[in-house]
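The data block below is model.txt; it holds compact mmCIF, C-alpha atoms and all ligand atoms.
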```txt
# COMPACT_ATOMS: atom_id res chain seq x y z
CA MET L 159 -50.05 13.95 195.44
CA LEU L 160 -52.13 15.83 197.98
CA SER L 161 -55.30 13.84 197.58
CA GLY L 162 -57.43 13.96 200.72
CA LYS L 163 -55.17 16.49 202.46
CA ARG L 164 -57.02 19.37 204.11
CA ILE L 165 -55.13 22.60 203.85
CA VAL L 166 -56.07 26.02 205.23
CA VAL L 167 -54.46 28.92 203.41
CA GLY L 168 -54.34 32.15 205.42
CA VAL L 169 -53.81 35.21 203.21
CA THR L 170 -52.62 38.46 204.75
CA GLY L 171 -52.35 41.98 203.38
CA GLY L 172 -49.17 42.17 201.38
CA ILE L 173 -48.63 42.80 197.69
CA ALA L 174 -47.59 39.13 197.31
CA ALA L 175 -51.19 38.12 198.15
CA TYR L 176 -51.75 37.69 194.39
CA LYS L 177 -49.31 34.75 194.41
CA ALA L 178 -51.51 32.98 196.97
CA VAL L 179 -54.13 32.70 194.20
CA ASP L 180 -51.76 30.49 192.20
CA VAL L 181 -50.83 28.51 195.32
CA VAL L 182 -54.49 27.70 196.03
CA SER L 183 -55.05 26.71 192.41
CA ARG L 184 -52.01 24.39 192.41
CA LEU L 185 -52.97 22.76 195.72
CA ARG L 186 -56.47 22.01 194.34
CA LYS L 187 -55.01 20.53 191.14
CA LEU L 188 -52.90 18.17 193.28
CA GLY L 189 -56.04 16.93 195.00
CA ALA L 190 -56.01 18.91 198.25
CA GLU L 191 -59.16 20.30 199.84
CA VAL L 192 -58.52 23.98 200.50
CA ARG L 193 -60.19 26.55 202.76
CA VAL L 194 -59.06 30.16 202.57
CA ILE L 195 -59.09 32.69 205.41
CA MET L 196 -58.30 36.29 204.48
CA THR L 197 -57.47 39.20 206.73
CA GLN L 198 -59.38 42.41 206.03
CA SER L 199 -56.23 43.95 204.54
CA ALA L 200 -55.76 40.98 202.23
CA THR L 201 -59.20 41.68 200.72
CA GLU L 202 -57.82 45.07 199.60
CA PHE L 203 -55.31 43.24 197.38
CA VAL L 204 -57.36 40.29 196.04
CA THR L 205 -61.11 39.71 196.21
CA PRO L 206 -62.53 36.83 198.28
CA LEU L 207 -64.47 35.83 195.18
CA THR L 208 -61.24 34.82 193.41
CA PHE L 209 -60.27 32.50 196.26
CA ARG L 210 -63.83 31.16 196.55
CA GLU L 211 -63.85 30.15 192.89
CA LEU L 212 -60.39 28.55 193.02
CA SER L 213 -60.78 26.79 196.36
CA GLY L 214 -64.36 25.68 195.76
CA ASN L 215 -65.19 26.76 199.30
CA PRO L 216 -66.57 29.88 200.94
CA VAL L 217 -63.87 32.31 202.01
CA VAL L 218 -63.85 33.51 205.60
CA SER L 219 -62.55 36.92 206.55
CA ASP L 220 -64.90 38.22 209.20
CA MET L 221 -65.48 36.81 212.68
CA TRP L 222 -68.94 38.33 212.92
CA THR L 223 -70.91 37.36 209.81
CA GLU L 224 -73.75 34.91 210.49
CA PRO L 225 -72.43 31.38 209.74
CA LYS L 226 -74.40 29.19 207.29
CA THR L 227 -74.40 26.25 209.72
CA TRP L 228 -74.22 26.07 213.49
CA ASN L 229 -70.61 25.71 214.55
CA VAL L 230 -67.90 27.84 216.05
CA GLU L 231 -66.29 28.62 212.74
CA HIS L 232 -62.69 29.32 213.74
CA ILE L 233 -62.58 26.16 215.86
CA ALA L 234 -64.21 24.09 213.10
CA ILE L 235 -61.66 25.22 210.50
CA ALA L 236 -58.75 24.90 212.97
CA THR L 237 -59.71 21.29 213.75
CA TRP L 238 -60.41 20.44 210.11
CA ALA L 239 -56.89 21.40 208.93
CA ASP L 240 -54.10 18.89 208.31
CA LEU L 241 -51.82 21.79 207.47
CA PHE L 242 -52.05 25.55 207.85
CA LEU L 243 -50.22 27.89 205.46
CA ILE L 244 -49.89 31.64 205.75
CA VAL L 245 -49.10 33.10 202.32
CA PRO L 246 -47.81 35.79 202.47
CA ALA L 247 -47.05 36.23 206.17
CA THR L 248 -46.72 39.94 206.94
CA ALA L 249 -44.71 41.32 209.86
CA ASN L 250 -48.08 42.04 211.45
CA ILE L 251 -49.41 38.46 211.47
CA ILE L 252 -45.97 37.13 212.54
CA GLY L 253 -45.99 39.58 215.47
CA LYS L 254 -49.54 38.69 216.42
CA ILE L 255 -48.98 34.94 216.46
CA ALA L 256 -45.69 35.31 218.34
CA SER L 257 -47.39 37.51 220.94
CA GLY L 258 -50.51 35.37 221.35
CA ILE L 259 -52.83 38.00 219.90
CA ALA L 260 -56.04 36.60 218.44
CA ASP L 261 -58.12 39.54 217.23
CA ASP L 262 -59.41 38.43 213.84
CA MET L 263 -60.46 35.28 212.05
CA LEU L 264 -56.98 34.29 210.87
CA SER L 265 -55.02 34.88 214.09
CA THR L 266 -57.79 33.23 216.14
CA THR L 267 -57.90 30.14 213.93
CA VAL L 268 -54.11 29.76 213.94
CA MET L 269 -54.15 29.88 217.71
CA ALA L 270 -56.80 27.15 217.84
CA THR L 271 -55.17 24.73 215.41
CA LYS L 272 -53.13 21.65 216.29
CA ALA L 273 -52.02 21.29 212.66
CA GLN L 274 -48.52 22.18 211.56
CA VAL L 275 -48.31 25.85 210.59
CA LEU L 276 -46.10 26.93 207.72
CA LEU L 277 -45.35 30.64 207.37
CA PHE L 278 -44.02 32.33 204.24
CA PRO L 279 -42.77 35.76 205.34
CA ALA L 280 -42.77 38.40 202.59
CA MET L 281 -42.08 42.07 203.19
CA ASN L 282 -39.59 44.88 202.63
CA SER L 283 -36.04 43.78 203.54
CA ASN L 284 -35.63 46.40 206.29
CA MET L 285 -38.80 45.10 207.88
CA TYR L 286 -37.65 41.49 207.52
CA ASN L 287 -34.29 42.30 209.10
CA ASN L 288 -35.83 44.36 211.90
CA PRO L 289 -34.77 42.66 215.17
CA ILE L 290 -38.40 42.62 216.32
CA VAL L 291 -39.40 40.51 213.30
CA THR L 292 -36.25 38.38 213.64
CA ASP L 293 -37.02 37.71 217.31
CA ASN L 294 -40.65 36.89 216.54
CA LEU L 295 -39.60 34.42 213.85
CA ALA L 296 -37.05 32.83 216.17
CA LYS L 297 -39.72 32.48 218.84
CA LEU L 298 -42.14 30.87 216.40
CA SER L 299 -39.45 28.49 215.12
CA ALA L 300 -38.66 27.44 218.66
CA LEU L 301 -42.37 26.71 219.10
CA SER L 302 -42.22 24.36 216.06
CA TYR L 303 -43.83 26.69 213.50
CA HIS L 304 -42.24 26.12 210.09
CA ILE L 305 -40.81 29.17 208.40
CA LEU L 306 -39.65 29.32 204.81
CA GLU L 307 -37.12 32.07 204.32
CA PRO L 308 -38.10 34.68 201.71
CA ALA L 309 -36.15 34.92 198.48
CA ALA L 310 -33.87 37.81 197.50
CA GLY L 311 -34.56 40.02 194.50
CA MET L 312 -36.37 43.16 193.40
CA LEU L 313 -39.13 43.90 195.92
CA ALA L 314 -42.44 45.59 195.16
CA CYS L 315 -41.20 48.73 196.95
CA GLY L 316 -38.44 49.05 194.34
CA VAL L 317 -35.66 47.98 196.69
CA GLU L 318 -33.33 45.06 196.00
CA GLY L 319 -33.06 42.67 198.96
CA VAL L 320 -34.44 39.73 200.90
CA GLY L 321 -38.20 39.65 201.37
CA ARG L 322 -39.78 38.24 198.20
CA LEU L 323 -42.40 35.55 198.56
CA PRO L 324 -40.98 32.39 196.94
CA GLU L 325 -42.64 31.37 193.66
CA PRO L 326 -45.88 29.35 194.04
CA GLU L 327 -44.26 26.12 192.75
CA LYS L 328 -41.65 26.36 195.54
CA ILE L 329 -44.37 26.92 198.13
CA VAL L 330 -46.29 23.89 196.90
CA ALA L 331 -43.09 21.79 196.82
CA LYS L 332 -42.53 22.72 200.47
CA VAL L 333 -46.07 21.59 201.30
CA ILE L 334 -45.48 18.24 199.59
CA ASP L 335 -42.12 17.89 201.41
CA LEU L 336 -43.82 18.53 204.73
CA PHE L 337 -46.46 15.86 204.17
CA THR L 338 -43.81 13.38 203.01
CA ALA L 339 -41.41 14.34 205.77
CA SER L 340 -44.03 14.18 208.52
CA SER L 341 -43.80 10.41 208.63
CA CYS L 342 -40.32 9.63 207.29
CA LEU L 343 -38.77 9.09 210.73
CA THR L 344 -41.74 7.27 212.23
CA GLY L 345 -40.56 4.40 214.42
CA LYS L 346 -37.06 5.84 214.84
CA LYS L 347 -35.73 6.91 218.22
CA ILE L 348 -33.52 9.99 218.10
CA VAL L 349 -31.66 11.30 221.14
CA VAL L 350 -30.62 14.96 220.87
CA THR L 351 -28.54 16.89 223.39
CA ALA L 352 -28.70 20.67 223.61
CA ALA L 353 -27.45 23.72 225.53
CA GLY L 354 -24.46 23.97 227.83
CA THR L 355 -23.76 22.10 231.04
CA ARG L 356 -22.99 23.89 234.31
CA GLU L 357 -20.36 22.60 236.71
CA PRO L 358 -20.86 23.95 240.24
CA ILE L 359 -18.07 25.71 242.11
CA ASP L 360 -20.16 26.51 245.18
CA PRO L 361 -23.92 26.92 245.81
CA VAL L 362 -24.08 30.15 243.76
CA ARG L 363 -21.40 29.83 241.08
CA TYR L 364 -20.66 27.49 238.21
CA ILE L 365 -18.44 27.00 235.18
CA GLY L 366 -20.60 27.24 232.08
CA ASN L 367 -20.52 28.24 228.43
CA ARG L 368 -22.47 30.34 225.93
CA SER L 369 -24.67 27.64 224.38
CA SER L 370 -28.33 28.71 224.30
CA GLY L 371 -29.76 25.39 223.13
CA LYS L 372 -31.07 26.89 219.85
CA MET L 373 -29.22 24.42 217.62
CA GLY L 374 -30.21 21.32 219.58
CA TYR L 375 -33.82 22.42 220.11
CA ALA L 376 -34.20 23.10 216.36
CA ILE L 377 -32.96 19.58 215.59
CA ALA L 378 -35.28 18.00 218.18
CA SER L 379 -38.30 19.93 216.81
CA ALA L 380 -37.49 19.00 213.22
CA ALA L 381 -37.05 15.31 214.09
CA ALA L 382 -40.38 15.27 215.98
CA ALA L 383 -42.09 16.95 213.01
CA ARG L 384 -40.83 14.04 210.88
CA GLY L 385 -42.47 11.52 213.15
CA ALA L 386 -39.44 10.41 215.22
CA ASN L 387 -39.64 9.48 218.86
CA VAL L 388 -37.37 12.24 220.19
CA VAL L 389 -35.67 12.44 223.57
CA LEU L 390 -34.13 15.86 224.12
CA VAL L 391 -31.52 15.92 226.89
CA SER L 392 -30.97 19.58 227.64
CA GLY L 393 -28.77 21.62 229.88
CA PRO L 394 -30.27 24.84 231.30
CA SER L 395 -31.91 26.87 228.51
CA GLY L 396 -34.46 29.66 228.32
CA LEU L 397 -36.12 28.14 225.25
CA PRO L 398 -39.69 26.83 225.40
CA GLU L 399 -40.15 23.06 225.43
CA PRO L 400 -40.53 21.91 221.80
CA GLN L 401 -43.81 20.20 220.93
CA GLY L 402 -43.83 16.43 220.65
CA VAL L 403 -40.48 15.66 222.29
CA CYS L 404 -39.66 14.04 225.61
CA LEU L 405 -37.56 16.67 227.41
CA LYS L 406 -35.06 15.55 230.06
CA LYS L 407 -33.53 18.48 231.90
CA VAL L 408 -30.01 18.14 233.28
CA VAL L 409 -27.45 20.54 234.69
CA THR L 410 -24.00 18.95 234.83
CA ALA L 411 -21.98 16.92 232.33
CA GLU L 412 -22.36 13.86 234.54
CA GLU L 413 -26.16 14.25 234.65
CA MET L 414 -26.19 14.59 230.87
CA ARG L 415 -24.05 11.46 230.60
CA GLN L 416 -26.44 9.43 232.80
CA ALA L 417 -29.51 10.69 230.91
CA VAL L 418 -28.00 9.92 227.49
CA LEU L 419 -26.70 6.47 228.50
CA ALA L 420 -30.18 5.55 229.81
CA GLU L 421 -31.63 6.27 226.35
CA TYR L 422 -28.78 4.89 224.25
CA LYS L 423 -29.42 1.17 223.93
CA ASP L 424 -32.53 1.34 221.73
CA ALA L 425 -31.67 4.68 220.07
CA ASP L 426 -31.28 4.76 216.28
CA VAL L 427 -29.52 8.12 216.19
CA VAL L 428 -27.75 10.32 218.75
CA ILE L 429 -27.07 13.95 217.83
CA LYS L 430 -24.85 15.76 220.34
CA ALA L 431 -25.34 19.49 219.78
CA ALA L 432 -24.76 20.26 223.46
CA ALA L 433 -21.68 22.10 224.65
CA VAL L 434 -20.49 19.83 227.44
CA ALA L 435 -17.93 20.95 230.00
CA ASP L 436 -14.57 19.23 229.53
CA TYR L 437 -13.50 20.06 233.08
CA ARG L 438 -15.24 20.52 236.43
CA PRO L 439 -14.01 21.64 239.85
CA CYS L 440 -12.48 18.71 241.80
CA THR L 441 -14.39 19.78 244.88
CA VAL L 442 -17.58 21.76 245.23
CA SER L 443 -17.67 24.07 248.23
CA GLY L 444 -20.74 23.55 250.42
CA ASP L 445 -20.83 27.26 251.25
CA LYS L 446 -20.39 30.34 249.12
CA ILE L 447 -16.66 30.95 248.71
CA LYS L 448 -15.75 34.21 250.42
CA LYS L 449 -13.60 36.89 248.85
CA THR L 450 -10.10 37.08 250.38
CA GLU L 451 -6.86 38.90 249.60
CA GLY L 452 -4.84 37.55 246.67
CA THR L 453 -5.81 35.07 243.99
CA LEU L 454 -8.05 32.04 244.12
CA THR L 455 -7.06 28.79 242.44
CA LEU L 456 -9.69 26.32 241.30
CA VAL L 457 -8.42 22.81 240.65
CA LEU L 458 -10.30 21.13 237.81
CA GLU L 459 -10.66 17.51 236.79
CA LYS L 460 -11.73 16.07 233.44
CA THR L 461 -15.36 15.15 232.84
CA VAL L 462 -16.14 11.96 230.94
CA ASP L 463 -16.39 12.52 227.19
CA ILE L 464 -19.96 11.30 226.65
CA LEU L 465 -19.73 11.07 222.89
CA ALA L 466 -16.48 9.11 223.01
CA GLU L 467 -18.11 6.70 225.46
CA LEU L 468 -21.11 6.28 223.11
CA GLY L 469 -18.65 5.69 220.27
CA GLN L 470 -17.02 2.84 222.20
CA GLN L 471 -20.38 1.18 222.95
CA LYS L 472 -21.82 1.76 219.48
CA ASN L 473 -23.58 -1.09 217.70
CA LYS L 474 -26.38 0.01 215.34
CA GLN L 475 -26.59 3.70 216.30
CA ILE L 476 -25.72 6.58 214.01
CA LEU L 477 -23.61 9.02 216.02
CA VAL L 478 -23.50 12.67 215.09
CA GLY L 479 -21.27 15.15 216.89
CA PHE L 480 -20.69 18.88 216.66
CA ALA L 481 -17.29 20.53 216.79
CA ALA L 482 -17.19 24.12 218.02
CA GLU L 483 -13.78 25.52 217.13
CA THR L 484 -12.01 28.86 217.04
CA GLN L 485 -8.99 27.67 214.98
CA ASP L 486 -7.98 24.77 212.70
CA LEU L 487 -11.65 23.88 212.30
CA LEU L 488 -11.28 20.98 209.91
CA ALA L 489 -8.25 19.35 211.51
CA TYR L 490 -9.87 19.32 214.96
CA ALA L 491 -13.23 18.20 213.59
CA GLU L 492 -11.61 15.31 211.68
CA GLU L 493 -9.77 14.24 214.80
CA LYS L 494 -12.99 14.22 216.85
CA LEU L 495 -14.85 12.30 214.14
CA ARG L 496 -12.20 9.59 214.21
CA LYS L 497 -11.43 9.46 217.94
CA LYS L 498 -15.09 9.41 219.00
CA ASN L 499 -16.08 6.83 216.33
CA LEU L 500 -18.72 9.12 214.76
CA ASP L 501 -20.60 8.81 211.49
CA MET L 502 -20.80 12.52 210.95
CA ILE L 503 -19.53 15.69 212.58
CA ILE L 504 -20.85 19.21 212.11
CA ALA L 505 -17.97 21.66 212.29
CA ASN L 506 -18.81 25.25 213.19
CA ASP L 507 -16.25 28.02 213.39
CA VAL L 508 -17.70 29.88 216.37
CA THR L 509 -15.65 33.01 215.65
CA LEU L 510 -17.72 33.81 212.53
CA PRO L 511 -20.60 36.29 212.92
CA GLY L 512 -23.85 34.37 212.41
CA ALA L 513 -22.34 31.04 213.49
CA GLY L 514 -22.13 29.07 216.71
CA PHE L 515 -23.29 30.13 220.16
CA ASP L 516 -26.61 31.90 220.76
CA THR L 517 -27.15 32.98 217.16
CA ASP L 518 -30.28 32.29 215.11
CA THR L 519 -28.18 31.11 212.17
CA ASN L 520 -25.21 28.82 211.76
CA ILE L 521 -22.47 28.26 209.18
CA VAL L 522 -21.19 24.70 209.09
CA ARG L 523 -19.25 22.10 207.21
CA ILE L 524 -20.32 18.46 207.46
CA LEU L 525 -17.59 15.83 207.64
CA TYR L 526 -18.44 12.17 207.05
CA ARG L 527 -16.72 9.02 208.20
CA ASP L 528 -15.85 8.06 204.60
CA GLY L 529 -13.91 11.32 204.12
CA ARG L 530 -16.61 13.25 202.25
CA GLN L 531 -17.16 16.89 203.21
CA GLU L 532 -19.97 19.31 202.47
CA GLU L 533 -19.90 23.05 203.07
CA LEU L 534 -23.27 24.68 203.76
CA PRO L 535 -24.13 28.38 203.41
CA GLN L 536 -25.27 30.45 206.38
CA MET L 537 -28.82 29.48 207.25
CA ARG L 538 -31.29 29.61 210.12
CA LYS L 539 -30.74 26.86 212.67
CA GLU L 540 -34.23 25.48 211.91
CA SER L 541 -33.34 25.15 208.20
CA LEU L 542 -29.99 23.58 209.08
CA ALA L 543 -31.79 21.09 211.34
CA GLY L 544 -33.84 19.93 208.33
CA VAL L 545 -30.75 19.61 206.14
CA LEU L 546 -28.91 17.59 208.81
CA LEU L 547 -31.85 15.23 209.20
CA ASP L 548 -31.91 14.71 205.42
CA LYS L 549 -28.21 13.77 205.54
CA ILE L 550 -28.74 11.45 208.51
CA MET L 551 -31.61 9.74 206.69
CA GLU L 552 -29.31 9.13 203.73
CA LEU L 553 -26.86 7.41 206.12
CA MET L 554 -29.71 5.34 207.56
O1 LIG D 1 -26.80 26.12 221.61
P1 LIG D 1 -26.50 27.21 220.59
O2 LIG D 1 -26.40 28.56 221.24
O3 LIG D 1 -27.45 27.17 219.43
O4 LIG D 1 -25.05 26.94 220.01
C1 LIG D 1 -24.82 25.81 219.20
C2 LIG D 1 -23.45 25.18 219.47
C3 LIG D 1 -22.34 26.14 219.06
C4 LIG D 1 -23.31 24.83 220.96
C5 LIG D 1 -23.40 23.87 218.61
O5 LIG D 1 -23.52 24.21 217.26
C6 LIG D 1 -22.12 23.11 218.84
O6 LIG D 1 -21.11 23.32 218.19
N1 LIG D 1 -22.12 22.13 219.81
C7 LIG D 1 -20.94 21.42 220.26
C8 LIG D 1 -20.12 22.28 221.17
C9 LIG D 1 -18.94 21.53 221.75
O7 LIG D 1 -18.91 21.32 222.92
O8 LIG D 1 -18.09 21.10 220.89
P2 LIG D 1 -16.74 20.25 221.31
O9 LIG D 1 -15.91 20.41 220.10
O10 LIG D 1 -16.20 20.75 222.61
O11 LIG D 1 -17.25 18.77 221.51
C10 LIG D 1 -17.32 17.86 220.42
C11 LIG D 1 -18.51 16.92 220.60
O12 LIG D 1 -18.30 16.09 221.77
C12 LIG D 1 -19.81 17.62 220.80
O13 LIG D 1 -20.80 16.93 220.05
C13 LIG D 1 -20.06 17.52 222.30
O14 LIG D 1 -21.48 17.45 222.59
C14 LIG D 1 -19.39 16.21 222.66
N2 LIG D 1 -18.84 16.16 224.03
C15 LIG D 1 -17.87 17.03 224.43
C16 LIG D 1 -17.35 16.95 225.72
C17 LIG D 1 -17.85 15.96 226.59
N3 LIG D 1 -17.40 15.85 227.84
N4 LIG D 1 -18.80 15.11 226.18
C18 LIG D 1 -19.31 15.19 224.92
O15 LIG D 1 -20.19 14.42 224.54
```

Show me the file's structure as structure tokens.
Ligand code: PMT
Amino acid sequence: MLSGKRIVVGVTGGIAAYKAVDVVSRLRKLGAEVRVIMTQSATEFVTPLTFRELSGNPVVSDMWTEPKTWNVEHIAIATWADLFLIVPATANIIGKIASGIADDMLSTTVMATKAQVLLFPAMNSNMYNNPIVTDNLAKLSALSYHILEPAAGMLACGVEGVGRLPEPEKIVAKVIDLFTASSCLTGKKIVVTAAGTREPIDPVRYIGNRSSGKMGYAIASAAAARGANVVLVSGPSGLPEPQGVCLKKVVTAEEMRQAVLAEYKDADVVIKAAAVADYRPCTVSGDKIKKTEGTLTLVLEKTVDILAELGQQKNKQILVGFAAETQDLLAYAEEKLRKKNLDMIIANDVTLPGAGFDTDTNIVRILYRDGRQEELPQMRKESLAGVLLDKIMELM
């Protein structure tokens, strides 16, 4: 199944390093060519000799040993790789990659590779839940690194919690999925909208909302990783531009509407994760509005509902909407699904902790046109993006 695939396995210094031995063995049995890079700490847990025997290749762990042939070794391995795994990924290597630190063979090679990088974090649950690690993982996800969440269970430190490296068969299954998935949307055009729009009041003020763009950017990245031609129409967001997508930046609902309509005709799928303003000020003051005695009244007018307009013009496109609600989640989501002529709507109750605006995770229920519904557990927005694309592919 992996015949001809060139996989680099980076092993870092965690107790779960022993499981990487089995991963390498399984990858070889499935036909992959494997090169192993170990950090110095990893060599304290497992010997390089073990990986050399199982991979059939020399193991690299030191930047400074004399290479057998002339080449710049970290660049040669980085370019050679079709896929880069880090098993296990300690908090240390996650922090280094997220911060752009390249101070050993593994971190330097990861920085030099153009291959997809798949990280398998494994550590004590307090470390995994430390906001520094969480932020680093969120940053890497936004930069299109793939992250497989660790499993829960008894950890090596004797504590029960999240942080276990998944079993080798699961890791290998993920590798196979990634190779299969990397081409499954080839030839498809997917338009994704993300973040909130801003409706100006005067030159310095606007009406906006709390959308960060995390949900939409995760979907755009995941679709690009599956080979789709992705146009990401985004309101203002502090997130880095995802790799492999065509990013169109907009500010207002009307600009988003124009950008989406321009891409709609030949689109196969439109996924509207953006939080679009429903109202905007009727007039925009040319100068900063000055403070006066008493109250200030802003008169608002409706914006065009972009998704409803797409629904009216729909021919072959699959239309996916999001519903952000604070009450009667399902009733409102069903109504939007029907009124906007959608194929699917993702309902999120934005009052729940860990769901909705500016969180790294989401908790959603998917509603389909034919009346089916699926409830999903809380998961990282990157994982949810993958699940949603799987569902959309089933509809296609
Ligand atoms: O960006 P994050 O911080 O990650 O947060 C993610 C999210 C909460 C913004 C996202 O998960 C989400 O729910 N997006 C939709 C928010 C929203 O505006 O929902 P709505 O129920 O108001 O709109 C329903 C659908 O119609 C949405 O797909 C929306 O993009 C679309 N719409 C709404 C108004 C409008 N004028 N035009 C539209 O196209």

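Of the listed residues (L:Ala433, L:Ile365, L:Met196, L:Val218), L:Ala433 comes nearest to Ser392 in chain L; the distances count only C-alpha atoms.
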
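If you measure from each of L:Gln536, L:Thr355, L:Ser257, L:Gln401 to ligand LIG 1 (chain D) using all atoms listed in the file, the closest one turns out to be L:Thr355.
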
Distance filter 6 Å around ligand LIG 1 (chain D), atoms: all atoms listed in the file, out as a ChimeraX atom specification: /L:353,369-373,430-436,461-465,479-482,506,514-516

For Asn520 in chain L, please output as a list in words all residues within 10 Å (counting all atoms listed in the file; exclusion window: fewer than 5 positions along the same chain). Met373, Asn506, Asp507, Val508, Leu510, Pro511, Gly512, Ala513, Gly514, Phe515, Leu534, Pro535, Gln536, Met537, Arg538, Lys539, Glu540, Ser541 and Leu542 of chain L

Val522 in chain L proximity check over L:Tyr286, L:Leu495, L:Leu546, L:Gly374, using only C-alpha atoms: winner is L:Leu546

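Between Gly311 in chain L and the candidates L:Val389, L:Thr205, L:Met281, L:Leu298, the tightest atom-to-atom separation, counting all atoms listed in the file, involves L:Met281.
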
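Between CA of Gly171 in chain L and CA of Ala310 in chain L the separation is 19.8 Å.
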
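Take the candidates L:Ala380, L:Ala239, L:Leu468, L:His232 and check each one against Ile305 in chain L using only C-alpha atoms; the shortest distance goes to L:Ala380.
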
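Straight-line separation from CA of Met221 in chain L to CA of Val194 in chain L: 13.7 Å.
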
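For the atom pair formed by CA of Lys177 in chain L and CA of Pro324 in chain L, the distance is 9.0 Å, given to one decimal.
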
Using only C-alpha atoms, the best pick from L:Asp293, L:Asp528, L:Asp548, L:Glu421 as closest to Val388 in chain L would be L:Glu421

Quick one: everything within 12 Å of range 454-458 of chain L, counting all atoms listed in the file, minus sequence neighbours fewer than 2 positions away in the same chain. Send it as an MDAnalysis selection string. chainID L and resid 357:360 364:365 435:443 447:452 460:461

Export range 267-278 of chain L of the preceding structure, keeping N, CA and C atoms, as a PDB file, in the first residue's frame.
```pdb
ATOM      1  N   THR L 267      15.944  19.616   9.585  1.00  0.00           N
ATOM      2  CA  THR L 267      15.400  18.921   8.409  1.00  0.00           C
ATOM      3  C   THR L 267      13.914  19.232   8.242  1.00  0.00           C
ATOM      4  N   VAL L 268      13.174  19.285   9.356  1.00  0.00           N
ATOM      5  CA  VAL L 268      11.747  19.619   9.264  1.00  0.00           C
ATOM      6  C   VAL L 268      11.591  21.002   8.647  1.00  0.00           C
ATOM      7  N   MET L 269      12.458  21.918   9.073  1.00  0.00           N
ATOM      8  CA  MET L 269      12.326  23.273   8.543  1.00  0.00           C
ATOM      9  C   MET L 269      12.604  23.325   7.046  1.00  0.00           C
ATOM     10  N   ALA L 270      13.435  22.396   6.566  1.00  0.00           N
ATOM     11  CA  ALA L 270      13.839  22.441   5.149  1.00  0.00           C
ATOM     12  C   ALA L 270      12.902  21.642   4.242  1.00  0.00           C
ATOM     13  N   THR L 271      11.967  20.892   4.829  1.00  0.00           N
ATOM     14  CA  THR L 271      11.161  20.027   3.959  1.00  0.00           C
ATOM     15  C   THR L 271       9.947  20.738   3.382  1.00  0.00           C
ATOM     16  N   LYS L 272       9.563  20.299   2.183  1.00  0.00           N
ATOM     17  CA  LYS L 272       8.308  20.788   1.581  1.00  0.00           C
ATOM     18  C   LYS L 272       7.237  19.704   1.692  1.00  0.00           C
ATOM     19  N   ALA L 273       7.637  18.540   2.249  1.00  0.00           N
ATOM     20  CA  ALA L 273       6.672  17.435   2.390  1.00  0.00           C
ATOM     21  C   ALA L 273       5.669  17.761   3.490  1.00  0.00           C
ATOM     22  N   GLN L 274       4.548  17.047   3.475  1.00  0.00           N
ATOM     23  CA  GLN L 274       3.589  17.211   4.566  1.00  0.00           C
ATOM     24  C   GLN L 274       4.211  16.653   5.842  1.00  0.00           C
ATOM     25  N   VAL L 275       3.982  17.343   6.953  1.00  0.00           N
ATOM     26  CA  VAL L 275       4.555  16.896   8.232  1.00  0.00           C
ATOM     27  C   VAL L 275       3.410  16.492   9.153  1.00  0.00           C
ATOM     28  N   LEU L 276       3.553  15.297   9.694  1.00  0.00           N
ATOM     29  CA  LEU L 276       2.509  14.731  10.557  1.00  0.00           C
ATOM     30  C   LEU L 276       3.107  14.534  11.946  1.00  0.00           C
ATOM     31  N   LEU L 277       2.533  15.224  12.932  1.00  0.00           N
ATOM     32  CA  LEU L 277       3.078  15.139  14.296  1.00  0.00           C
ATOM     33  C   LEU L 277       2.170  14.307  15.185  1.00  0.00           C
ATOM     34  N   PHE L 278       2.776  13.465  16.002  1.00  0.00           N
ATOM     35  CA  PHE L 278       2.024  12.646  16.955  1.00  0.00           C
ATOM     36  C   PHE L 278       2.444  13.029  18.366  1.00  0.00           C
TER      37      PHE L 278
END
```
